[in-house]
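Take a look at the structure set out below.
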Amino acid sequence: MPAHAPSRLERRKARTRAALVRAAQALIAAGKTTVSILEITQAADVGMGSFYNHFETKEQLYQAAVEDALDAHGALLDELTRGLDDPAQVFAQSFRLTGRLHRRHPELSKVLLHYGLELADSEHGLAPRARRDIEAAVRAGRFTVRDTELAMVTVAGAALALGQLLHRRPERDDAEATDQVAEDLLRMLGLTAAEAREICGRPLPDLDAAATP
């Protein structure tokens, strides 16, 4: 059976919800999370009543906005690590790409950084992928990690602190800084210094040619 084609009403509702989510992401990125629902709908250019067709509270919208940003980030990482067999390289490549996204997609970056370490336990975005790759690398004998949860604390802290540094210090080279942190993380996770350096020196997919999150 063919898939159900969305009706005009369903398409309009989807556009309205997407506009609200985008507006919320822009407000989160700007640090304006205390604005009223009226201000949110004005930023989204939708009617006040439309808000309650999709969300019960402002907090529910912000949660959806963060999850949408995380899912966009995760989908991009999946696209740009497809075909890699070594879980250590998948982990490193995801981290190196994430570091470069702070400058290329600053609004997305600021949405993620706004919620900080809360995202380390999220089921969306980088965290579940990093956890998956660390566990796969342990099973493959690539990493020597006794406690994945503690390793994730270090990885999440490094990723967030790096993002904040790159926004605060625009003169720093984002690629060089990210690769240095990724190299240090690989050594912490069990690779030799030489192998960590070699992996972090490998060419990356073209972020500018990838789908924009």
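Naming works like this for the structure tokens: A, B, ... for the chains as they're shown, residue 1 at the start of each chain, ligands 1 onward in shown order.
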If you take only C-alpha atoms and a cut-off of 9 Å, which residues of region 29-148 of chain A touch region 184-191 of chain A, and what are their nearest atom pairs and distances in Å to one decimal, in chain and number order, as JSON lines?
{"residue": "A:Ala88", "atom": "CA", "partner": "A:Leu186", "partner_atom": "CA", "distance": 7.8}
{"residue": "A:Phe91", "atom": "CA", "partner": "A:Leu186", "partner_atom": "CA", "distance": 8.8}
{"residue": "A:Ala92", "atom": "CA", "partner": "A:Leu186", "partner_atom": "CA", "distance": 7.4}
{"residue": "A:Ile134", "atom": "CA", "partner": "A:Leu189", "partner_atom": "CA", "distance": 8.3}
{"residue": "A:Arg142", "atom": "CA", "partner": "A:Leu191", "partner_atom": "CA", "distance": 7.0}
{"residue": "A:Phe143", "atom": "CA", "partner": "A:Gly190", "partner_atom": "CA", "distance": 4.7}
{"residue": "A:Thr144", "atom": "CA", "partner": "A:Gly190", "partner_atom": "CA", "distance": 5.0}
{"residue": "A:Val145", "atom": "CA", "partner": "A:Leu189", "partner_atom": "CA", "distance": 6.1}
Inset, instruction - Tell me which protein, DNA and RNA residues are within 12 Å of Val90 (chain A), counting only C-alpha atoms, leaving out same-chain ones fewer than 3 positions away, and put them as number ranges by chain. - result: A: 77-87, 93-97, 126, 129-137, 142, 182, 186, 199-200, 202, 204
Take the residues that were just selected and, keeping N, CA, C and O atoms, output them as a compact mmCIF listing (two decimals), in the first residue's frame.
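Ended up saving to selection14.txt:
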# COMPACT_ATOMS: atom_id res chain seq x y z
N LEU A 77 26.24 13.35 11.92
CA LEU A 77 27.36 12.48 12.28
C LEU A 77 27.21 11.10 11.65
O LEU A 77 28.18 10.51 11.18
N ASP A 78 25.99 10.57 11.64
CA ASP A 78 25.76 9.27 11.02
C ASP A 78 26.13 9.30 9.54
O ASP A 78 26.75 8.37 9.02
N GLU A 79 25.75 10.39 8.88
CA GLU A 79 26.05 10.52 7.45
C GLU A 79 27.56 10.58 7.22
O GLU A 79 28.08 9.97 6.27
N LEU A 80 28.27 11.29 8.09
CA LEU A 80 29.68 11.55 7.86
C LEU A 80 30.61 10.50 8.45
O LEU A 80 31.83 10.60 8.30
N THR A 81 30.07 9.48 9.10
CA THR A 81 30.90 8.37 9.58
C THR A 81 30.47 7.05 8.95
O THR A 81 31.00 6.00 9.31
N ARG A 82 29.57 7.10 8.02
CA ARG A 82 29.08 5.88 7.36
C ARG A 82 30.23 5.19 6.62
O ARG A 82 31.03 5.83 5.94
N GLY A 83 30.31 3.88 6.79
CA GLY A 83 31.33 3.10 6.07
C GLY A 83 32.61 2.89 6.83
O GLY A 83 33.48 2.14 6.36
N LEU A 84 32.77 3.50 8.00
CA LEU A 84 34.00 3.30 8.79
C LEU A 84 33.87 2.02 9.60
O LEU A 84 32.85 1.78 10.24
N ASP A 85 34.91 1.19 9.58
CA ASP A 85 34.87 -0.09 10.28
C ASP A 85 35.48 -0.04 11.68
O ASP A 85 35.12 -0.84 12.54
N ASP A 86 36.39 0.86 11.91
CA ASP A 86 37.10 0.93 13.18
C ASP A 86 36.32 1.82 14.14
O ASP A 86 36.20 3.03 13.92
N PRO A 87 35.77 1.28 15.25
CA PRO A 87 34.99 2.12 16.18
C PRO A 87 35.81 3.23 16.81
O PRO A 87 35.26 4.28 17.16
N GLN A 93 36.31 10.58 14.69
CA GLN A 93 35.79 11.40 13.59
C GLN A 93 34.55 12.18 14.04
O GLN A 93 34.39 13.35 13.69
N SER A 94 33.68 11.53 14.82
CA SER A 94 32.50 12.23 15.33
C SER A 94 32.90 13.41 16.20
O SER A 94 32.32 14.50 16.10
N PHE A 95 33.88 13.19 17.07
CA PHE A 95 34.32 14.27 17.96
C PHE A 95 34.96 15.40 17.15
O PHE A 95 34.68 16.59 17.39
N ARG A 96 35.80 15.05 16.19
CA ARG A 96 36.49 16.07 15.38
C ARG A 96 35.50 16.88 14.55
O ARG A 96 35.65 18.09 14.39
N LEU A 97 34.48 16.22 14.02
CA LEU A 97 33.46 16.93 13.24
C LEU A 97 32.62 17.83 14.14
O LEU A 97 32.30 18.96 13.77
N LEU A 126 24.93 13.40 20.11
CA LEU A 126 26.28 12.85 20.20
C LEU A 126 26.42 11.81 21.30
O LEU A 126 27.12 10.81 21.14
N ARG A 129 25.73 8.08 20.62
CA ARG A 129 26.66 7.60 19.59
C ARG A 129 28.06 7.44 20.18
O ARG A 129 28.75 6.47 19.88
N ALA A 130 28.48 8.39 21.01
CA ALA A 130 29.79 8.27 21.65
C ALA A 130 29.82 7.04 22.55
O ALA A 130 30.80 6.28 22.56
N ARG A 131 28.75 6.84 23.31
CA ARG A 131 28.68 5.67 24.20
C ARG A 131 28.74 4.38 23.39
O ARG A 131 29.47 3.44 23.73
N ARG A 132 27.99 4.34 22.30
CA ARG A 132 27.99 3.16 21.42
C ARG A 132 29.38 2.89 20.86
O ARG A 132 29.85 1.74 20.86
N ASP A 133 30.06 3.94 20.41
CA ASP A 133 31.37 3.76 19.80
C ASP A 133 32.43 3.36 20.82
O ASP A 133 33.32 2.56 20.52
N ILE A 134 32.35 3.91 22.03
CA ILE A 134 33.29 3.52 23.09
C ILE A 134 33.10 2.05 23.44
O ILE A 134 34.07 1.28 23.54
N GLU A 135 31.86 1.62 23.60
CA GLU A 135 31.60 0.22 23.95
C GLU A 135 32.03 -0.71 22.82
O GLU A 135 32.58 -1.80 23.08
N ALA A 136 31.79 -0.30 21.57
CA ALA A 136 32.22 -1.13 20.43
C ALA A 136 33.74 -1.22 20.37
O ALA A 136 34.30 -2.29 20.07
N ALA A 137 34.42 -0.12 20.67
CA ALA A 137 35.88 -0.12 20.64
C ALA A 137 36.46 -0.97 21.77
O ALA A 137 37.50 -1.61 21.60
N ARG A 142 40.11 -2.14 21.07
CA ARG A 142 40.74 -0.88 20.68
C ARG A 142 40.88 0.07 21.86
O ARG A 142 41.84 0.81 21.95
N ALA A 182 40.78 15.72 20.74
CA ALA A 182 40.42 14.36 20.33
C ALA A 182 41.58 13.40 20.52
O ALA A 182 41.40 12.25 20.96
N LEU A 186 41.62 10.03 22.90
CA LEU A 186 41.97 8.70 22.41
C LEU A 186 43.05 8.06 23.27
O LEU A 186 43.00 6.86 23.57
N ILE A 199 45.35 8.82 13.82
CA ILE A 199 43.90 8.83 13.56
C ILE A 199 43.39 10.26 13.46
O ILE A 199 42.57 10.59 12.60
N CYS A 200 43.88 11.14 14.33
CA CYS A 200 43.40 12.52 14.33
C CYS A 200 44.02 13.35 13.22
O CYS A 200 43.65 14.52 13.03
N ARG A 202 43.95 12.07 10.07
CA ARG A 202 43.31 11.59 8.85
C ARG A 202 42.36 12.64 8.29
O ARG A 202 41.75 13.41 9.05
N LEU A 204 39.07 14.45 6.86
CA LEU A 204 37.66 14.36 7.25
C LEU A 204 36.76 14.61 6.04
O LEU A 204 37.18 15.25 5.07
Legend entry - CA of His54 (chain A) to CA of Ala75 (chain A), distance in Å rounded to a single decimal: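 Distance reported for this atom pair: 23.8 Å.
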Inset, instruction - Write out as a list in words which residues come within 9 Å of region 169-178 of chain A when counting only C-alpha atoms, dropping same-chain ones fewer than 2 positions away. - result: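 Result of the neighbour search: Phe95, Arg96, Leu97, Thr98, Gly99, Arg100, His102, Arg103, Ala159, Leu162, Gln164, Leu165, Leu166, His167, Gln180, Val181, Ala182 and Glu183 of chain A.
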Could the residues in this selection be saved with C-alpha atoms as a CSV table (one decimal), in the first residue's frame?
chain,number,residue,atom,x,y,z
A,95,PHE,CA,34.3,14.3,18.0
A,96,ARG,CA,36.5,16.1,15.4
A,97,LEU,CA,33.5,16.9,13.2
A,98,THR,CA,31.5,18.1,16.3
A,99,GLY,CA,34.3,20.5,17.2
A,100,ARG,CA,34.3,22.0,13.7
A,102,HIS,CA,30.7,25.1,16.6
A,103,ARG,CA,31.9,27.6,14.1
A,159,ALA,CA,33.2,18.4,24.1
A,162,LEU,CA,35.8,22.9,23.8
A,164,GLN,CA,32.6,27.2,24.8
A,165,LEU,CA,36.3,28.0,24.3
A,166,LEU,CA,35.8,28.2,20.5
A,167,HIS,CA,33.0,30.7,20.9
A,180,GLN,CA,44.4,18.1,19.9
A,181,VAL,CA,41.5,17.4,22.3
A,182,ALA,CA,40.4,14.4,20.3
A,183,GLU,CA,44.0,13.0,20.4
Inset, instruction - Can you check which residues of region 47-144 of chain A DSSP gives as helix (DSSP H, G or I) on the backbone and send them as a ChimeraX atom specification? - result: /A:48-51,58-81,87-104,106-114,116-121,126-139
Go ahead and dump the residues you just picked, C-alpha atoms, as a PDB file, in the first residue's frame.
ATOM      1  CA  MET A  48      -0.824  32.829  19.427  1.00  0.00           C
ATOM      2  CA  GLY A  49      -3.474  30.101  19.283  1.00  0.00           C
ATOM      3  CA  SER A  50      -1.263  27.949  17.062  1.00  0.00           C
ATOM      4  CA  PHE A  51       1.161  27.417  19.925  1.00  0.00           C
ATOM      5  CA  LYS A  58       6.943  26.774  26.881  1.00  0.00           C
ATOM      6  CA  GLU A  59       9.147  24.156  28.568  1.00  0.00           C
ATOM      7  CA  GLN A  60       7.686  21.455  26.334  1.00  0.00           C
ATOM      8  CA  LEU A  61       8.584  23.511  23.264  1.00  0.00           C
ATOM      9  CA  TYR A  62      12.137  24.074  24.485  1.00  0.00           C
ATOM     10  CA  GLN A  63      12.521  20.342  25.096  1.00  0.00           C
ATOM     11  CA  ALA A  64      11.347  19.638  21.540  1.00  0.00           C
ATOM     12  CA  ALA A  65      13.720  22.309  20.215  1.00  0.00           C
ATOM     13  CA  VAL A  66      16.717  20.764  21.976  1.00  0.00           C
ATOM     14  CA  GLU A  67      15.813  17.233  20.867  1.00  0.00           C
ATOM     15  CA  ASP A  68      15.393  18.471  17.291  1.00  0.00           C
ATOM     16  CA  ALA A  69      18.866  20.066  17.417  1.00  0.00           C
ATOM     17  CA  LEU A  70      20.364  16.894  18.877  1.00  0.00           C
ATOM     18  CA  ASP A  71      18.708  14.707  16.256  1.00  0.00           C
ATOM     19  CA  ALA A  72      19.968  16.986  13.470  1.00  0.00           C
ATOM     20  CA  HIS A  73      23.471  16.784  14.899  1.00  0.00           C
ATOM     21  CA  GLY A  74      23.255  13.000  15.265  1.00  0.00           C
ATOM     22  CA  ALA A  75      21.944  12.512  11.730  1.00  0.00           C
ATOM     23  CA  LEU A  76      24.817  14.554  10.343  1.00  0.00           C
ATOM     24  CA  LEU A  77      27.363  12.483  12.280  1.00  0.00           C
ATOM     25  CA  ASP A  78      25.759   9.267  11.023  1.00  0.00           C
ATOM     26  CA  GLU A  79      26.051  10.522   7.454  1.00  0.00           C
ATOM     27  CA  LEU A  80      29.684  11.552   7.858  1.00  0.00           C
ATOM     28  CA  THR A  81      30.897   8.369   9.583  1.00  0.00           C
ATOM     29  CA  PRO A  87      34.988   2.118  16.176  1.00  0.00           C
ATOM     30  CA  ALA A  88      37.969   4.111  17.476  1.00  0.00           C
ATOM     31  CA  GLN A  89      38.041   6.082  14.232  1.00  0.00           C
ATOM     32  CA  VAL A  90      34.243   6.515  14.291  1.00  0.00           C
ATOM     33  CA  PHE A  91      34.503   7.979  17.791  1.00  0.00           C
ATOM     34  CA  ALA A  92      37.385  10.264  16.831  1.00  0.00           C
ATOM     35  CA  GLN A  93      35.789  11.398  13.588  1.00  0.00           C
ATOM     36  CA  SER A  94      32.495  12.229  15.329  1.00  0.00           C
ATOM     37  CA  PHE A  95      34.318  14.268  17.959  1.00  0.00           C
ATOM     38  CA  ARG A  96      36.491  16.070  15.383  1.00  0.00           C
ATOM     39  CA  LEU A  97      33.462  16.926  13.242  1.00  0.00           C
ATOM     40  CA  THR A  98      31.504  18.116  16.264  1.00  0.00           C
ATOM     41  CA  GLY A  99      34.308  20.502  17.199  1.00  0.00           C
ATOM     42  CA  ARG A 100      34.263  22.001  13.727  1.00  0.00           C
ATOM     43  CA  LEU A 101      30.474  22.443  13.800  1.00  0.00           C
ATOM     44  CA  HIS A 102      30.688  25.069  16.561  1.00  0.00           C
ATOM     45  CA  ARG A 103      31.940  27.630  14.061  1.00  0.00           C
ATOM     46  CA  ARG A 104      30.038  26.418  10.995  1.00  0.00           C
ATOM     47  CA  PRO A 106      26.900  28.492  15.722  1.00  0.00           C
ATOM     48  CA  GLU A 107      23.170  28.550  16.494  1.00  0.00           C
ATOM     49  CA  LEU A 108      22.970  24.753  16.674  1.00  0.00           C
ATOM     50  CA  SER A 109      26.134  24.772  18.782  1.00  0.00           C
ATOM     51  CA  LYS A 110      24.745  27.311  21.245  1.00  0.00           C
ATOM     52  CA  VAL A 111      21.497  25.361  21.639  1.00  0.00           C
ATOM     53  CA  LEU A 112      23.509  22.280  22.611  1.00  0.00           C
ATOM     54  CA  LEU A 113      25.887  24.191  24.883  1.00  0.00           C
ATOM     55  CA  HIS A 114      23.001  25.935  26.655  1.00  0.00           C
ATOM     56  CA  GLY A 116      25.437  21.606  29.039  1.00  0.00           C
ATOM     57  CA  LEU A 117      26.120  18.376  30.869  1.00  0.00           C
ATOM     58  CA  GLU A 118      22.417  17.466  30.963  1.00  0.00           C
ATOM     59  CA  LEU A 119      22.953  16.260  27.391  1.00  0.00           C
ATOM     60  CA  ALA A 120      25.542  13.684  28.482  1.00  0.00           C
ATOM     61  CA  ASP A 121      22.671  11.338  29.401  1.00  0.00           C
ATOM     62  CA  LEU A 126      26.281  12.852  20.199  1.00  0.00           C
ATOM     63  CA  ALA A 127      26.004  11.170  23.624  1.00  0.00           C
ATOM     64  CA  PRO A 128      24.395   7.840  22.625  1.00  0.00           C
ATOM     65  CA  ARG A 129      26.660   7.605  19.588  1.00  0.00           C
ATOM     66  CA  ALA A 130      29.791   8.266  21.649  1.00  0.00           C
ATOM     67  CA  ARG A 131      28.680   5.672  24.200  1.00  0.00           C
ATOM     68  CA  ARG A 132      27.990   3.156  21.419  1.00  0.00           C
ATOM     69  CA  ASP A 133      31.373   3.764  19.796  1.00  0.00           C
ATOM     70  CA  ILE A 134      33.290   3.518  23.086  1.00  0.00           C
ATOM     71  CA  GLU A 135      31.599   0.221  23.946  1.00  0.00           C
ATOM     72  CA  ALA A 136      32.218  -1.130  20.433  1.00  0.00           C
ATOM     73  CA  ALA A 137      35.881  -0.116  20.641  1.00  0.00           C
ATOM     74  CA  VAL A 138      36.221  -1.878  24.011  1.00  0.00           C
ATOM     75  CA  ARG A 139      34.719  -5.072  22.558  1.00  0.00           C
TER      76      ARG A 139
END
Inset, instruction - Figure out the distance between CA of Gly157 (chain A) and CA of Lys32 (chain A), please, to one decimal in Å. - result: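 Separating CA of Lys32 (chain A) from CA of Gly157 (chain A) is a distance of 23.8 Å.
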Legend entry - Atomic distance CA of Tyr52 (chain A) - CA of Ile40 (chain A), expressed in Å with one decimal: 12.1 Å
Inset, instruction - Kindly indicate which residue among A:Arg197, A:Val46, A:Leu207, A:Ala140 lies nearest to Arg12 (chain A), using only C-alpha atoms for the distances. - result: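 Nearest candidate to Arg12 (chain A) out of A:Arg197, A:Val46, A:Leu207, A:Ala140: A:Val46.
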Legend entry - For Ala14 (chain A): contacts at 12 Å, only C-alpha atoms, fewer than 6 positions along chain excluded, given as a VMD selection string: chain A and resid 6 to 8 20 to 21 50 53 to 54
